[in-house]
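**Q** Enclosed is the structure file data_16.cif (mmCIF, C-alpha atoms).
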data_run
#
loop_
_atom_site.label_atom_id
_atom_site.label_comp_id
_atom_site.auth_asym_id
_atom_site.auth_seq_id
_atom_site.Cartn_x
_atom_site.Cartn_y
_atom_site.Cartn_z
CA MET A 1 -8.99 -3.62 26.46
CA THR A 2 -6.04 -2.53 24.33
CA VAL A 3 -6.46 -2.34 20.57
CA ALA A 4 -3.43 -3.04 18.37
CA GLU A 5 -4.49 -2.59 14.76
CA ASN A 6 -1.21 -4.09 13.44
CA PHE A 7 2.40 -2.96 13.38
CA ALA A 8 5.01 -1.38 11.12
CA ASN A 9 8.59 -2.64 11.08
CA PRO A 10 10.99 -0.09 9.52
CA LEU A 11 13.98 -2.11 10.74
CA LEU A 12 12.85 -5.11 8.67
CA VAL A 13 12.56 -2.81 5.64
CA GLN A 14 16.06 -1.51 6.28
CA GLU A 15 17.46 -5.04 6.58
CA SER A 16 15.63 -6.15 3.44
CA ASN A 17 17.14 -3.28 1.47
CA GLU A 18 20.67 -4.36 2.27
CA ALA A 19 20.37 -6.47 -0.88
CA CYS A 20 19.33 -5.19 -4.30
CA VAL A 21 16.33 -6.31 -6.33
CA GLU A 22 17.66 -9.06 -8.60
CA ASP A 23 15.03 -8.79 -11.35
CA GLU A 24 16.79 -6.52 -13.85
CA SER A 25 13.84 -6.59 -16.25
CA LEU A 26 11.54 -5.33 -13.51
CA MET A 27 13.94 -2.58 -12.49
CA HIS A 28 14.21 -1.46 -16.11
CA TRP A 29 10.40 -1.30 -16.34
CA MET A 30 10.27 0.74 -13.12
CA ARG A 31 13.13 3.10 -13.95
CA ASP A 32 12.11 6.78 -14.00
CA LYS A 33 8.47 5.82 -13.40
CA PHE A 34 6.04 6.62 -10.61
CA VAL A 35 5.09 3.11 -9.55
CA VAL A 36 1.97 2.32 -7.54
CA VAL A 37 2.37 -1.07 -5.87
CA HIS A 38 -0.19 -3.58 -4.57
CA PRO A 39 1.34 -6.67 -2.93
CA GLY A 40 -0.86 -9.48 -1.68
CA THR A 41 -3.82 -11.63 -2.54
CA MET A 42 -5.72 -11.08 -5.78
CA GLY A 43 -9.03 -12.61 -4.78
CA LEU A 44 -12.64 -11.61 -5.27
CA VAL A 45 -12.76 -9.68 -2.02
CA ASN A 46 -9.73 -7.58 -3.00
CA GLY A 47 -11.26 -6.20 -6.18
CA VAL A 48 -7.84 -5.75 -7.78
CA ASP A 49 -9.32 -5.47 -11.27
CA TYR A 50 -9.85 -1.87 -10.15
CA LEU A 51 -6.22 -1.30 -11.10
CA VAL A 52 -6.79 -2.53 -14.63
CA ALA A 53 -9.44 0.17 -15.01
CA CYS A 54 -7.02 2.75 -13.60
CA ALA A 55 -4.20 1.59 -15.86
CA GLU A 56 -6.48 1.87 -18.87
CA LYS A 57 -7.58 5.35 -17.79
CA LEU A 58 -3.97 6.49 -17.36
CA LYS A 59 -2.45 4.60 -20.30
CA ASP A 60 -1.47 7.84 -22.04
CA ASN A 61 0.48 9.00 -18.99
CA ASP A 62 3.92 7.47 -19.57
CA LEU A 63 5.07 8.36 -16.06
CA ILE A 64 2.68 6.16 -14.04
CA HIS A 65 2.94 2.38 -13.72
CA PHE A 66 0.95 -0.10 -11.61
CA LEU A 67 2.60 -3.17 -10.10
CA LEU A 68 0.87 -6.12 -8.43
CA ILE A 69 2.69 -8.87 -6.53
CA GLY A 70 1.04 -12.09 -5.44
CA GLU A 71 -1.42 -14.85 -6.26
CA GLY A 72 -5.16 -15.32 -6.14
CA SER A 73 -8.28 -16.42 -7.95
CA GLU A 74 -8.48 -13.24 -10.04
CA LYS A 75 -4.86 -13.23 -11.20
CA GLU A 76 -5.38 -15.07 -14.50
CA ASN A 77 -8.43 -12.99 -15.31
CA MET A 78 -6.45 -9.81 -14.73
CA GLN A 79 -3.59 -11.02 -16.88
CA ALA A 80 -6.05 -11.74 -19.66
CA GLN A 81 -7.56 -8.26 -19.36
CA ILE A 82 -4.14 -6.64 -19.47
CA LYS A 83 -3.23 -8.61 -22.59
CA GLU A 84 -6.56 -7.91 -24.28
CA LYS A 85 -6.35 -4.18 -23.58
CA GLN A 86 -2.65 -4.14 -24.56
CA LEU A 87 -1.67 -2.28 -21.42
CA ILE A 88 2.05 -1.83 -20.85
CA ASN A 89 1.71 0.34 -17.74
CA ILE A 90 0.58 -2.47 -15.44
CA ARG A 91 2.45 -5.64 -14.53
CA ILE A 92 1.77 -8.64 -12.31
CA LEU A 93 4.53 -10.55 -10.52
CA ASP A 94 4.27 -13.95 -8.88
CA ALA A 95 4.27 -14.08 -5.08
CA LYS A 96 7.58 -13.15 -3.46
CA SER A 97 9.10 -13.66 -0.05
CA LYS A 98 8.53 -10.94 2.53
CA THR A 99 12.08 -9.72 2.03
CA GLU A 100 11.77 -9.54 -1.75
CA THR A 101 8.38 -7.83 -1.52
CA LEU A 102 9.76 -5.14 0.78
CA GLN A 103 12.78 -4.66 -1.50
CA ILE A 104 10.50 -4.06 -4.46
CA ALA A 105 8.00 -1.92 -2.55
CA SER A 106 10.82 0.31 -1.35
CA GLN A 107 11.66 1.08 -4.97
CA CYS A 108 8.07 2.19 -5.64
CA GLN A 109 6.59 5.61 -5.05
CA MET A 110 3.10 4.82 -3.73
CA GLY A 111 1.22 1.94 -2.15
CA THR A 112 -2.42 1.15 -2.76
CA MET A 113 -5.03 -0.91 -0.94
CA LEU A 114 -8.19 -2.07 -2.64
CA VAL A 115 -11.40 -3.85 -1.67
CA LYS A 116 -14.70 -4.62 -3.32
CA ASN A 117 -17.45 -2.09 -2.79
CA GLU A 118 -18.67 -3.58 0.49
CA ARG A 119 -18.89 -1.48 3.66
CA ILE A 120 -17.75 -4.28 5.96
CA LEU A 121 -14.40 -4.46 4.16
CA TRP A 122 -13.46 -0.93 5.21
CA ASP A 123 -12.50 -2.25 8.65
CA ASN A 124 -9.60 -4.38 7.45
CA SER A 125 -6.15 -4.11 9.00
CA ALA A 126 -4.05 -5.69 6.26
CA ASN A 127 -0.30 -6.05 6.67
CA LYS A 128 0.43 -4.12 3.48
CA PHE A 129 -0.93 -0.89 5.00
CA PHE A 130 1.73 -1.00 7.72
CA ASP A 131 4.43 -2.22 5.34
CA PHE A 132 3.78 0.82 3.15
CA LEU A 133 4.21 3.08 6.18
CA ALA A 134 7.45 1.33 7.10
CA CYS A 135 8.67 1.96 3.55
CA GLY A 136 7.66 5.62 3.74
CA LEU A 137 5.18 5.30 0.88
CA PRO A 138 2.15 7.55 0.49
CA ILE A 139 -0.99 5.39 0.36
CA VAL A 140 -4.13 5.63 -1.76
CA LEU A 141 -7.31 3.66 -0.97
CA ASN A 142 -10.44 2.97 -3.00
CA TYR A 143 -12.55 2.83 0.16
CA GLN A 144 -13.24 4.78 3.31
CA GLY A 145 -13.15 3.96 7.01
CA TRP A 146 -10.51 4.21 9.74
CA GLN A 147 -7.50 3.97 7.41
CA LYS A 148 -8.76 6.84 5.26
CA GLN A 149 -9.18 8.95 8.39
CA VAL A 150 -5.70 8.12 9.67
CA LEU A 151 -4.08 8.85 6.31
CA GLU A 152 -5.85 12.13 5.70
CA GLU A 153 -5.34 13.43 9.23
CA SER A 154 -1.62 12.68 9.00
CA GLY A 155 -1.15 13.72 5.37
CA ALA A 156 0.22 10.29 4.43
CA GLY A 157 -2.39 9.56 1.78
CA LYS A 158 -6.05 9.61 0.85
CA GLY A 159 -9.06 7.37 0.51
CA PHE A 160 -11.83 7.67 -2.06
CA ALA A 161 -15.29 6.28 -2.62
CA HIS A 162 -15.05 3.05 -4.60
CA GLU A 163 -16.93 4.46 -7.57
CA ASP A 164 -14.80 7.60 -7.76
CA VAL A 165 -12.09 6.21 -10.04
CA ASP A 166 -11.45 9.67 -11.48
CA ALA A 167 -10.52 11.14 -8.08
CA TYR A 168 -8.38 8.10 -7.25
CA CYS A 169 -6.42 8.52 -10.49
CA THR A 170 -6.21 12.30 -10.15
CA TYR A 171 -4.59 11.95 -6.73
CA ILE A 172 -2.00 9.56 -8.13
CA GLU A 173 -1.28 11.96 -10.99
CA HIS A 174 -0.93 14.82 -8.51
CA LEU A 175 1.72 13.10 -6.42
CA ALA A 176 3.45 11.80 -9.54
CA THR A 177 3.92 15.31 -10.91
CA ASP A 178 4.31 17.37 -7.74
CA GLN A 179 7.57 16.36 -6.06
CA HIS A 180 7.00 18.61 -3.06
CA SER A 181 3.58 17.10 -2.35
CA TRP A 182 5.00 13.58 -2.73
CA GLU A 183 7.86 14.33 -0.33
CA ARG A 184 5.45 15.71 2.28
CA ALA A 185 3.23 12.63 2.00
CA SER A 186 6.24 10.32 2.18
CA GLN A 187 7.55 12.04 5.29
CA ALA A 188 4.07 11.86 6.86
CA SER A 189 4.01 8.14 6.12
CA LYS A 190 7.33 7.65 7.91
CA GLN A 191 6.05 9.62 10.88
CA LEU A 192 2.85 7.58 10.99
CA ALA A 193 4.92 4.39 11.00
CA LYS A 194 6.27 5.45 14.40
CA LYS A 195 2.75 5.28 15.85
CA TYR A 196 2.54 1.62 14.85
CA ASP A 197 6.20 0.72 15.45
CA VAL A 198 6.51 -2.96 16.33
CA GLY A 199 8.65 -2.31 19.41
CA ARG A 200 6.29 0.31 20.79
CA ILE A 201 3.23 -1.85 20.34
CA ALA A 202 4.95 -4.96 21.70
CA ASN A 203 5.96 -3.07 24.85
CA ARG A 204 2.45 -1.80 25.48
CA ILE A 205 0.88 -5.21 24.95
CA TRP A 206 3.50 -6.75 27.23
CA ARG A 207 2.47 -4.33 29.97
CA VAL A 208 -1.12 -5.48 29.55
CA ILE A 209 -0.13 -9.15 29.75
CA THR A 210 1.91 -8.57 32.87
CA ASN A 211 -0.88 -6.54 34.49
CA ARG A 212 1.19 -3.37 34.76
CA ARG A 213 -1.62 -1.12 33.73
CA ASN A 214 -5.26 -0.50 34.49
CA SER A 215 -7.81 -2.31 32.34
CA TYR A 216 -9.70 0.22 30.26
CA VAL A 217 -10.37 0.63 26.57
CA GLU A 218 -7.48 2.23 24.74
CA THR A 219 -6.31 2.65 21.18
CA LEU A 220 -2.66 2.91 20.28
CA ASP A 221 -2.40 6.60 19.53
#
Turn this file's structure into structure tokens for me.
**A**
Amino acid sequence: MTVAENFANPLLVQESNEACVEDESLMHWMRDKFVVVHPGTMGLVNGVDYLVACAEKLKDNDLIHFLLIGEGSEKENMQAQIKEKQLINIRILDAKSKTETLQIASQCQMGTMLVKNERILWDNSANKFFDFLACGLPIVLNYQGWQKQVLEESGAGKGFAHEDVDAYCTYIEHLATDQHSWERASQASKQLAKKYDVGRIANRIWRVITNRRNSYVETLD
């Protein structure tokens, strides 16, 4: 059995960035900021209200912004919370095409992945994880599991216990203020993307399909 967790596609990122982000208001909001991006579904399982708590905690840090892109059952509730708390360091965009999402993500400085505090959710293999790698973004998680291990072993990011909001925010602040640490994590992310490169994984799976290899359990490492 061959395990393919998912794949990263740096070429698609490169092609997407041949055009500029058209939303001038968004680019103005992002200018000279350290932007943490979360594209994708905002449902109950995703626990994205976590970012509202982080934005509130870091509201006095003018450097850090949080950006969400997508739709979901919790979107309106989050928008209401942001308005009620008068937070200007967090913004929610409607769902975008894959190309537009990659364009925007490439202009950000960090990607984040979130889940509710349920152990079973640690084993996800969401596309955004691999898109972040393809964009060369350091990644921060609010959960543990295989992605945390991969990130921390490579230096491309960190994962934290769900309840440890302070450590999650401290790590973001660290990379936002330490350019050398951010550059190292970004480079590690780009290197990790090579492990999950779409061409490499496609070739290995093709060999399995065409019976050009022995059948034994293997991970793509």
**Q** Residues at most 10 Å from range 76-78 of chain A, counting only C-alpha atoms, excluding those fewer than 5 positions away in the same chain, as a PyMOL selection string?
**A** chain A and resi 42+48-52+71+83-84+91-92
**Q** Nearest to Thr101 in chain A: which of A:Val165, A:Asn117, A:Asp131, A:Ser186 is it, counting only C-alpha atoms?
**A**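 Among the listed residues, A:Asp131 lies closest to Thr101 in chain A.
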**Q** Quick one: residues within 8 Å of Ala95 in chain A, all atoms listed in the file, excluding same-chain residues fewer than 4 positions away - as a ChimeraX atom specification?
**A** /A:40,69-71
**Q** Taking into account only C-alpha atoms, which residue in the set A:Cys108, A:Glu15, A:Ile64, A:Thr41 is nearest to Thr177 in chain A?
**A**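 When distances to Thr177 in chain A are compared using only C-alpha atoms, the smallest one comes from A:Ile64.
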**Q** Looking at A:Leu68, A:Ser25, A:Cys135, A:Ala19, which one is nearest to Gln191 in chain A, with distances taken over only C-alpha atoms?
**A**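 Residue with the minimum atom-to-atom distance to Gln191 in chain A: A:Cys135.
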**Q** What does the distance from CA of Gln103 in chain A to CA of Leu133 in chain A come to in Å, to one decimal?
**A**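 For CA of Gln103 in chain A relative to CA of Leu133 in chain A, the distance reads 13.9 Å.
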**Q** CA of Glu118 in chain A to CA of Tyr171 in chain A: how many Å, to one decimal?
**A**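 Value for the CA of Glu118 in chain A-CA of Tyr171 in chain A distance: 22.2 Å.
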**Q** Applying the PyMOL selection byres ((chain A and resi 11) around 12) to the file I just gave you, which residues come out? Please list them as a list of chain:residue names.
**A**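 That selection, the PyMOL selection byres ((chain A and resi 11) around 12), comes back as A:Phe7, A:Ala8, A:Asn9, A:Pro10, A:Leu12, A:Val13, A:Gln14, A:Glu15, A:Ser16, A:Asn17, A:Glu18, A:Thr99, A:Leu102, A:Asp131, A:Leu133, A:Ala134, A:Cys135, A:Ala193, A:Lys194, A:Asp197, A:Val198, A:Gly199.
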**Q** For a test of reading the model, state the distance in Å between CA of Ala176 in chain A and CA of Gln109 in chain A, rounded to one decimal.
**A**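 If I compute the distance from CA of Ala176 in chain A to CA of Gln109 in chain A, I get 8.3 Å.
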**Q** Excluding Glu56 in chain A and its own-chain neighbours fewer than 4 positions away, which residues fall within 10 Å of it when counting all atoms listed in the file? Please give them as a PyMOL selection string.
**A** chain A and resi 51-52+60-61+82+85-90
